[in-house]
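A.B. asks: Structure file protein34.json (JSON, C-alpha atoms) is given on the next line.
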```json
[["chain", "number", "residue", "atom", "x", "y", "z"],
["A", 1, "MET", "CA", 0.00, 0.00, 0.00],
["A", 2, "ILE", "CA", 1.29, 3.46, -0.92],
["A", 3, "ASN", "CA", 1.78, 5.74, 2.07],
["A", 4, "LEU", "CA", 0.63, 9.16, 0.91],
["A", 5, "LYS", "CA", 2.15, 10.81, 3.98],
["A", 6, "THR", "CA", 5.64, 9.88, 2.73],
["A", 7, "LYS", "CA", 5.05, 10.00, -1.04],
["A", 8, "HIS", "CA", 3.05, 13.28, -1.21],
["A", 9, "PRO", "CA", 1.68, 12.76, -4.76],
["A", 10, "ASN", "CA", 0.56, 15.86, -6.60],
["A", 11, "ILE", "CA", -3.10, 15.33, -7.56],
["A", 12, "LEU", "CA", -5.51, 17.49, -9.54],
["A", 13, "VAL", "CA", -9.22, 16.96, -8.83],
["A", 14, "VAL", "CA", -11.69, 18.08, -11.50],
["A", 15, "GLY", "CA", -15.37, 17.78, -10.69],
["A", 16, "ASP", "CA", -18.56, 18.94, -9.03],
["A", 17, "LEU", "CA", -18.19, 20.80, -5.74],
["A", 18, "ILE", "CA", -21.12, 20.39, -3.33],
["A", 19, "LEU", "CA", -21.78, 22.11, -0.02],
["A", 20, "ASP", "CA", -23.14, 19.72, 2.61],
["A", 21, "GLU", "CA", -25.08, 21.46, 5.39],
["A", 22, "TYR", "CA", -26.32, 19.87, 8.62],
["A", 23, "LEU", "CA", -28.93, 21.52, 10.86],
["A", 24, "TRP", "CA", -29.17, 19.86, 14.28],
["A", 25, "GLY", "CA", -32.11, 20.32, 16.64],
["A", 26, "GLU", "CA", -34.86, 18.86, 18.80],
["A", 27, "CYS", "CA", -38.55, 18.24, 18.30],
["A", 28, "SER", "CA", -41.01, 18.73, 21.17],
["A", 29, "ARG", "CA", -44.27, 19.40, 19.34],
["A", 30, "ILE", "CA", -46.23, 19.09, 16.11],
["A", 31, "SER", "CA", -47.10, 22.11, 14.00],
["A", 32, "PRO", "CA", -50.70, 23.38, 14.34],
["A", 33, "GLU", "CA", -50.57, 24.27, 10.63],
["A", 34, "ALA", "CA", -49.87, 20.75, 9.32],
["A", 35, "PRO", "CA", -49.04, 17.28, 10.73],
["A", 36, "VAL", "CA", -45.29, 17.90, 10.68],
["A", 37, "GLN", "CA", -42.63, 18.16, 13.35],
["A", 38, "ILE", "CA", -41.37, 21.53, 14.52],
["A", 39, "ILE", "CA", -37.60, 21.34, 14.84],
["A", 40, "LYS", "CA", -35.83, 23.88, 17.02],
["A", 41, "ILE", "CA", -32.35, 24.23, 15.51],
["A", 42, "ASP", "CA", -29.55, 24.30, 18.08],
["A", 43, "ARG", "CA", -26.49, 24.17, 15.84],
["A", 44, "GLU", "CA", -25.42, 23.83, 12.25],
["A", 45, "ASN", "CA", -22.30, 23.00, 10.30],
["A", 46, "GLN", "CA", -21.19, 22.97, 6.69],
["A", 47, "ILE", "CA", -18.61, 20.69, 5.12],
["A", 48, "LEU", "CA", -17.18, 19.97, 1.69],
["A", 49, "GLY", "CA", -19.21, 17.49, -0.33],
["A", 50, "GLY", "CA", -18.95, 15.94, -3.78],
["A", 51, "ALA", "CA", -15.51, 16.49, -5.29],
["A", 52, "GLY", "CA", -14.77, 18.66, -2.25],
["A", 53, "ASN", "CA", -15.03, 15.62, 0.01],
["A", 54, "VAL", "CA", -12.55, 13.80, -2.25],
["A", 55, "ILE", "CA", -10.17, 16.74, -1.94],
["A", 56, "HIS", "CA", -10.53, 16.81, 1.85],
["A", 57, "ASN", "CA", -9.84, 13.06, 2.12],
["A", 58, "LEU", "CA", -6.76, 13.25, -0.10],
["A", 59, "LYS", "CA", -5.41, 16.19, 1.90],
["A", 60, "THR", "CA", -5.98, 14.25, 5.13],
["A", 61, "LEU", "CA", -3.96, 11.36, 3.69],
["A", 62, "GLY", "CA", -1.08, 13.74, 2.94],
["A", 63, "ALA", "CA", -1.41, 14.32, -0.80],
["A", 64, "LYS", "CA", -0.85, 17.68, -2.44],
["A", 65, "VAL", "CA", -4.16, 18.58, -4.04],
["A", 66, "ASP", "CA", -5.42, 21.28, -6.40],
["A", 67, "VAL", "CA", -8.88, 21.73, -7.88],
["A", 68, "ILE", "CA", -10.49, 22.88, -11.11],
["A", 69, "SER", "CA", -14.24, 23.37, -11.10],
["A", 70, "VAL", "CA", -17.09, 25.72, -11.93],
["A", 71, "ILE", "CA", -19.07, 27.40, -9.16],
["A", 72, "GLY", "CA", -21.96, 29.85, -9.11],
["A", 73, "GLU", "CA", -22.62, 33.37, -7.96],
["A", 74, "CYS", "CA", -24.16, 32.57, -4.58],
["A", 75, "GLY", "CA", -23.54, 32.24, -0.85],
["A", 76, "SER", "CA", -22.89, 28.50, -1.20],
["A", 77, "SER", "CA", -20.06, 29.23, -3.64],
["A", 78, "MET", "CA", -18.50, 31.67, -1.19],
["A", 79, "GLN", "CA", -18.69, 29.08, 1.57],
["A", 80, "LEU", "CA", -17.15, 26.41, -0.66],
["A", 81, "GLN", "CA", -14.21, 28.70, -1.36],
["A", 82, "LYS", "CA", -13.79, 29.42, 2.34],
["A", 83, "LEU", "CA", -13.81, 25.72, 3.25],
["A", 84, "LEU", "CA", -11.23, 24.95, 0.56],
["A", 85, "LYS", "CA", -8.98, 27.76, 1.73],
["A", 86, "ASN", "CA", -9.30, 26.44, 5.30],
["A", 87, "ILE", "CA", -7.54, 23.23, 4.22],
["A", 88, "SER", "CA", -4.95, 25.14, 2.16],
["A", 89, "VAL", "CA", -6.34, 24.33, -1.29],
["A", 90, "ASP", "CA", -5.65, 26.87, -4.05],
["A", 91, "ILE", "CA", -8.97, 28.27, -5.34],
["A", 92, "SER", "CA", -7.52, 30.36, -8.17],
["A", 93, "ASN", "CA", -8.72, 27.84, -10.78],
["A", 94, "LEU", "CA", -12.35, 27.92, -9.72],
["A", 95, "ILE", "CA", -14.44, 29.46, -12.50],
["A", 96, "THR", "CA", -17.45, 31.56, -11.46],
["A", 97, "GLU", "CA", -20.41, 31.30, -13.80],
["A", 98, "LYS", "CA", -22.95, 34.10, -13.57],
["A", 99, "LYS", "CA", -26.52, 33.17, -12.65],
["A", 100, "ARG", "CA", -25.42, 29.69, -11.62],
["A", 101, "ILE", "CA", -26.13, 28.28, -8.14],
["A", 102, "SER", "CA", -23.64, 25.82, -6.65],
["A", 103, "SER", "CA", -25.11, 22.61, -5.25],
["A", 104, "LYS", "CA", -26.05, 22.74, -1.57],
["A", 105, "LYS", "CA", -27.62, 19.81, 0.28],
["A", 106, "SER", "CA", -29.21, 20.75, 3.61],
["A", 107, "ARG", "CA", -30.18, 18.06, 6.11],
["A", 108, "ILE", "CA", -32.33, 18.64, 9.20],
["A", 109, "ILE", "CA", -31.54, 16.18, 11.99],
["A", 110, "ALA", "CA", -33.50, 15.65, 15.21],
["A", 111, "ALA", "CA", -32.88, 12.96, 17.86],
["A", 112, "ASN", "CA", -30.06, 11.64, 15.67],
["A", 113, "GLN", "CA", -32.51, 11.00, 12.82],
["A", 114, "GLN", "CA", -32.52, 12.79, 9.49],
["A", 115, "VAL", "CA", -35.96, 14.36, 9.17],
["A", 116, "VAL", "CA", -35.69, 15.89, 5.72],
["A", 117, "ARG", "CA", -33.15, 16.98, 3.13],
["A", 118, "PHE", "CA", -33.62, 19.89, 0.76],
["A", 119, "ASP", "CA", -31.35, 20.82, -2.14],
["A", 120, "ARG", "CA", -30.58, 24.10, -3.83],
["A", 121, "GLU", "CA", -28.71, 23.94, -7.13],
["A", 122, "ILE", "CA", -28.52, 24.46, -10.84],
["A", 123, "SER", "CA", -27.28, 21.18, -12.30],
["A", 124, "ASN", "CA", -27.61, 21.96, -16.00],
["A", 125, "ASP", "CA", -24.45, 21.70, -18.09],
["A", 126, "ILE", "CA", -22.04, 24.56, -17.52],
["A", 127, "SER", "CA", -21.94, 27.18, -20.28],
["A", 128, "LYS", "CA", -19.75, 26.86, -23.38],
["A", 129, "LYS", "CA", -17.68, 29.77, -22.05],
["A", 130, "SER", "CA", -17.10, 27.98, -18.73],
["A", 131, "GLN", "CA", -16.19, 24.77, -20.57],
["A", 132, "THR", "CA", -13.58, 26.63, -22.63],
["A", 133, "LEU", "CA", -12.09, 28.36, -19.59],
["A", 134, "LEU", "CA", -11.95, 25.08, -17.67],
["A", 135, "LEU", "CA", -10.15, 23.25, -20.47],
["A", 136, "ASN", "CA", -7.74, 26.14, -21.07],
["A", 137, "ASN", "CA", -6.80, 26.14, -17.38],
["A", 138, "PHE", "CA", -6.43, 22.37, -17.40],
["A", 139, "GLU", "CA", -4.16, 22.35, -20.44],
["A", 140, "LYS", "CA", -1.86, 24.92, -18.81],
["A", 141, "LEU", "CA", -1.61, 23.00, -15.54],
["A", 142, "VAL", "CA", -1.85, 19.32, -16.40],
["A", 143, "SER", "CA", 1.89, 18.62, -16.69],
["A", 144, "LYS", "CA", 2.41, 19.56, -13.00],
["A", 145, "TYR", "CA", 0.49, 16.56, -11.66],
["A", 146, "ASP", "CA", 1.16, 12.89, -11.00],
["A", 147, "VAL", "CA", -2.46, 11.91, -11.55],
["A", 148, "ILE", "CA", -5.79, 13.48, -12.54],
["A", 149, "LEU", "CA", -8.90, 12.51, -10.59],
["A", 150, "ILE", "CA", -12.25, 13.18, -12.26],
["A", 151, "SER", "CA", -15.01, 13.31, -9.64],
["A", 152, "ASP", "CA", -18.39, 13.31, -11.39],
["A", 153, "TYR", "CA", -21.56, 13.91, -9.37],
["A", 154, "GLY", "CA", -23.76, 14.76, -12.33],
["A", 155, "LYS", "CA", -24.05, 18.45, -11.42],
["A", 156, "GLY", "CA", -23.11, 19.82, -14.84],
["A", 157, "THR", "CA", -19.37, 20.48, -14.66],
["A", 158, "LEU", "CA", -18.26, 17.33, -16.43],
["A", 159, "THR", "CA", -20.11, 17.46, -19.73],
["A", 160, "LYS", "CA", -19.26, 14.74, -22.23],
["A", 161, "THR", "CA", -17.19, 17.21, -24.26],
["A", 162, "VAL", "CA", -15.30, 18.44, -21.20],
["A", 163, "THR", "CA", -14.68, 14.95, -19.83],
["A", 164, "GLN", "CA", -13.40, 13.53, -23.10],
["A", 165, "SER", "CA", -11.19, 16.58, -23.64],
["A", 166, "LEU", "CA", -9.71, 16.26, -20.15],
["A", 167, "ILE", "CA", -8.87, 12.61, -20.74],
["A", 168, "GLN", "CA", -7.30, 13.19, -24.15],
["A", 169, "ILE", "CA", -5.19, 16.12, -22.92],
["A", 170, "ALA", "CA", -3.98, 14.09, -19.93],
["A", 171, "ASN", "CA", -3.16, 11.09, -22.13],
["A", 172, "LYS", "CA", -1.09, 13.28, -24.46],
["A", 173, "ASN", "CA", 0.90, 14.30, -21.38],
["A", 174, "ASN", "CA", 1.25, 10.68, -20.19],
["A", 175, "ILE", "CA", -0.70, 11.37, -17.01],
["A", 176, "LYS", "CA", -3.12, 8.78, -15.68],
["A", 177, "VAL", "CA", -6.79, 9.70, -15.27],
["A", 178, "LEU", "CA", -8.83, 8.04, -12.52],
["A", 179, "VAL", "CA", -12.61, 8.50, -12.71],
["A", 180, "ASP", "CA", -15.33, 8.29, -10.10],
["A", 181, "PRO", "CA", -18.24, 7.93, -12.58],
["A", 182, "LYS", "CA", -21.88, 8.96, -12.51],
["A", 183, "GLY", "CA", -24.89, 7.91, -14.55],
["A", 184, "GLN", "CA", -25.28, 5.01, -16.97],
["A", 185, "ASP", "CA", -23.46, 6.30, -20.06],
["A", 186, "TYR", "CA", -19.78, 5.60, -19.44],
["A", 187, "SER", "CA", -18.72, 6.44, -23.00],
["A", 188, "LYS", "CA", -17.77, 9.92, -21.75],
["A", 189, "TYR", "CA", -14.97, 8.26, -19.71],
["A", 190, "LYS", "CA", -13.47, 6.31, -22.62],
["A", 191, "ASP", "CA", -9.64, 6.03, -22.65],
["A", 192, "SER", "CA", -9.19, 6.86, -18.96],
["A", 193, "PHE", "CA", -6.83, 4.71, -16.87],
["A", 194, "LEU", "CA", -9.53, 3.30, -14.63],
["A", 195, "LEU", "CA", -13.07, 3.84, -13.34],
["A", 196, "THR", "CA", -14.26, 3.23, -9.78],
["A", 197, "PRO", "CA", -17.97, 2.29, -9.97],
["A", 198, "ASN", "CA", -19.55, 0.32, -7.17],
["A", 199, "ILE", "CA", -21.29, -2.95, -7.94],
["A", 200, "LYS", "CA", -24.71, -1.33, -8.40],
["A", 201, "GLU", "CA", -23.35, 1.39, -10.70],
["A", 202, "ALA", "CA", -21.37, -1.15, -12.73],
["A", 203, "GLY", "CA", -24.47, -3.29, -13.18],
["A", 204, "GLU", "CA", -26.52, -0.33, -14.40],
["A", 205, "ALA", "CA", -23.77, 0.84, -16.77],
["A", 206, "THR", "CA", -23.30, -2.60, -18.35],
["A", 207, "ASN", "CA", -26.91, -3.85, -18.12],
["A", 208, "ILE", "CA", -25.58, -6.93, -16.36],
["A", 209, "VAL", "CA", -27.07, -8.21, -13.11],
["A", 210, "ILE", "CA", -24.00, -8.90, -10.99],
["A", 211, "ASN", "CA", -24.82, -11.75, -8.63],
["A", 212, "ASP", "CA", -21.94, -14.20, -8.95],
["A", 213, "GLU", "CA", -18.35, -14.50, -10.15],
["A", 214, "VAL", "CA", -19.33, -15.11, -13.77],
["A", 215, "SER", "CA", -21.56, -12.03, -14.02],
["A", 216, "LEU", "CA", -18.91, -9.99, -12.17],
["A", 217, "LEU", "CA", -16.27, -11.03, -14.72],
["A", 218, "ASN", "CA", -18.64, -10.26, -17.59],
["A", 219, "ALA", "CA", -19.36, -6.77, -16.23],
["A", 220, "ILE", "CA", -15.80, -5.85, -15.31],
["A", 221, "SER", "CA", -14.42, -7.04, -18.67],
["A", 222, "LYS", "CA", -17.19, -5.23, -20.56],
["A", 223, "LEU", "CA", -16.30, -1.99, -18.78],
["A", 224, "LYS", "CA", -12.63, -2.45, -19.65],
["A", 225, "ASN", "CA", -13.32, -3.19, -23.31],
["A", 226, "ASP", "CA", -16.10, -0.66, -23.92],
["A", 227, "CYS", "CA", -14.23, 2.20, -22.22],
["A", 228, "ASN", "CA", -10.73, 1.12, -23.34],
["A", 229, "LEU", "CA", -9.43, 1.19, -19.77],
["A", 230, "ASP", "CA", -5.96, 0.15, -18.62],
["A", 231, "LEU", "CA", -7.54, -1.39, -15.54],
["A", 232, "SER", "CA", -11.16, -2.18, -14.77],
["A", 233, "LEU", "CA", -12.24, -1.92, -11.16],
["A", 234, "ILE", "CA", -15.50, -2.46, -9.27],
["A", 235, "THR", "CA", -15.88, -1.72, -5.57],
["A", 236, "MET", "CA", -17.99, -4.26, -3.67],
["A", 237, "SER", "CA", -18.52, -2.79, -0.20],
["A", 238, "GLU", "CA", -17.56, -5.28, 2.52],
["A", 239, "LYS", "CA", -16.52, -7.82, -0.12],
["A", 240, "GLY", "CA", -13.59, -5.65, -1.20],
["A", 241, "VAL", "CA", -12.59, -4.60, -4.71],
["A", 242, "ALA", "CA", -12.54, -6.53, -7.98],
["A", 243, "VAL", "CA", -9.73, -5.58, -10.40],
["A", 244, "TYR", "CA", -9.34, -6.79, -13.97],
["A", 245, "ASP", "CA", -6.36, -6.09, -16.24],
["A", 246, "GLY", "CA", -7.39, -8.28, -19.18],
["A", 247, "ASN", "CA", -5.67, -11.41, -17.94],
["A", 248, "LEU", "CA", -7.57, -14.34, -16.42]]
```
Could you spell out this file's structure in structure tokens?
C.D. replies:
Amino acid sequence: MINLKTKHPNILVVGDLILDEYLWGECSRISPEAPVQIIKIDRENQILGGAGNVIHNLKTLGAKVDVISVIGECGSSMQLQKLLKNISVDISNLITEKKRISSKKSRIIAANQQVVRFDREISNDISKKSQTLLLNNFEKLVSKYDVILISDYGKGTLTKTVTQSLIQIANKNNIKVLVDPKGQDYSKYKDSFLLTPNIKEAGEATNIVINDEVSLLNAISKLKNDCNLDLSLITMSEKGVAVYDGNL
């Protein structure tokens, strides 16, 4: 196992930044207006979610991490920048898109139970201008990094055009691209080094019900062949990780 605290790899994360908000409180009565709980909020906290959580985890492990992403013109975007700066991540390559709202997931919790979650976001594809700026920044910086990590949460940053361009630029520079995928169309990740779907995601992407070793091999080899991966990988929760390099 590679010890990131001694190796300090230089990693660039490209993906969707999400603000995770938690509102903690207590319920002592039901609303007279509707049959719903009234939660008195005692405290709240906000943390990095989506690609931001990936960045935080890599920093905790000792890696050097930078980020390229697109954020909106909103309070959530300001908080995301603050949280990134708090863990010493350079935010100079964050692109602000006017009239866009960064993703924010708010959870209300009472008696250690999540009562409700509400989301604020614009998850449409980023504008053509933002796509061009993102790719220009990436092309200027890519040679500095040991690996590129694409963290896709389906919030509009990683369009098919952007994702394919990122992979091709990285490949030209002989830099490996690792992808945490989203959705069922994995063609946007073609020619990356590896993908990291879980068993459910891999089944949906390949249209294979994975329920034994044979179906697992069929799915993992299909992912490798269809996406032209160097390595095919499927995470399987408590059962570990399946890895396929083309050799049986």
A.B. asks: When you look at region 140-146 of chain A with a cut-off of 10 Å (counting only C-alpha atoms), what residues show up, excluding the ones that are within fewer than 4 positions of it in the same chain? I need them as a list in words.
C.D. replies: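 Contacts, with the query itself left out: His8, Pro9, Asn10, Ile11, Leu12, Lys64, Val65, Asp66, Ile68, Asn93, Leu135, Asn136, Leu166, Ile169, Ala170, Lys172, Asn173, Asn174, Ile175, Lys176 and Val177 of chain A.
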A.B. asks: Find, counting only C-alpha atoms, the residue in A:Leu83, A:Cys227, A:Ala51, A:Ile148 that gets nearest to Asp185 (chain A).
C.D. replies: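 Looking only at the distances to Asp185 (chain A), the closest residue turns out to be A:Cys227.
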A.B. asks: List as a list in words the protein and nucleic acid residues near Ser123 (chain A), meaning an atom at most 9 Å away when all atoms listed in the file are counted, but skip any in the same chain fewer than 2 places from it.
C.D. replies: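 The contact residues come out as Arg100, Ile101, Ser102, Ser103, Glu121, Asp125, Ile126, Gly154, Lys155, Gly156 and Thr157 of chain A.
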A.B. asks: Region 31-37 of chain A: which residues within 12 Å, counting all atoms listed in the file, same-chain residues fewer than 5 positions away excluded, as a PyMOL selection string?
C.D. replies: chain A and resi 25-26+108-111+115-116
A.B. asks: Excluding same-chain residues fewer than 3 positions from Leu194 (chain A), what lies within 12 Å of it counting all atoms listed in the file, as a ChimeraX atom specification?
C.D. replies: /A:147-150,167,176-181,186,189-191,197,220,223-225,227-234,243-245
A.B. asks: Please determine, counting only C-alpha atoms, which residue among A:Leu19, A:Cys27, A:Met78, A:Val13 has the shortest atom-to-atom distance to Lys59 (chain A).
C.D. replies: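 When distances to Lys59 (chain A) are compared using only C-alpha atoms, the smallest one comes from A:Val13.
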A.B. asks: Have a look at A:Glu44, A:Asp20, A:Glu139, A:Asp152 and name the one nearest to Ser165 (chain A); count all atoms listed in the file.
C.D. replies: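 Among the listed residues, the smallest separation from Ser165 (chain A) belongs to A:Glu139.
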A.B. asks: Report the distance between CA of Leu48 (chain A) and CA of Leu80 (chain A) in Å, rounded to one decimal place.
C.D. replies: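 Separation between CA of Leu48 (chain A) and CA of Leu80 (chain A): 6.9 Å.
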A.B. asks: Which residue out of A:Arg43, A:Ile91, A:Asn171, A:Ser77 has the minimum interatomic distance to Lys104 (chain A) when all atoms listed in the file are used?
C.D. replies: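 Using all atoms listed in the file, the shortest distance to Lys104 (chain A) belongs to A:Ser77.
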A.B. asks: Rounded to one decimal place, report the CA of Gln164 (chain A)-CA of Phe193 (chain A) distance in Å.
C.D. replies: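 Pair CA of Gln164 (chain A) / CA of Phe193 (chain A) returns 12.6 Å.
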A.B. asks: So what do you get for CA of Ile39 (chain A) versus CA of Ser76 (chain A), distance-wise?
C.D. replies: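 A separation of 22.9 Å between them.
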A.B. asks: Show which residues sit within 8 Å of Asp90 (chain A), as a PyMOL selection string. Count only C-alpha atoms, and ignore same-chain residues fewer than 5 positions away.
C.D. replies: chain A and resi 66-67+84-85
A.B. asks: Between A:Thr206, A:Ser130, A:Asn124, A:Asn112, which has the minimum distance to Lys98 (chain A) (counting all atoms listed in the file)?
C.D. replies: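 Going through A:Thr206, A:Ser130, A:Asn124, A:Asn112 one by one, the smallest distance to Lys98 (chain A) is for A:Ser130.
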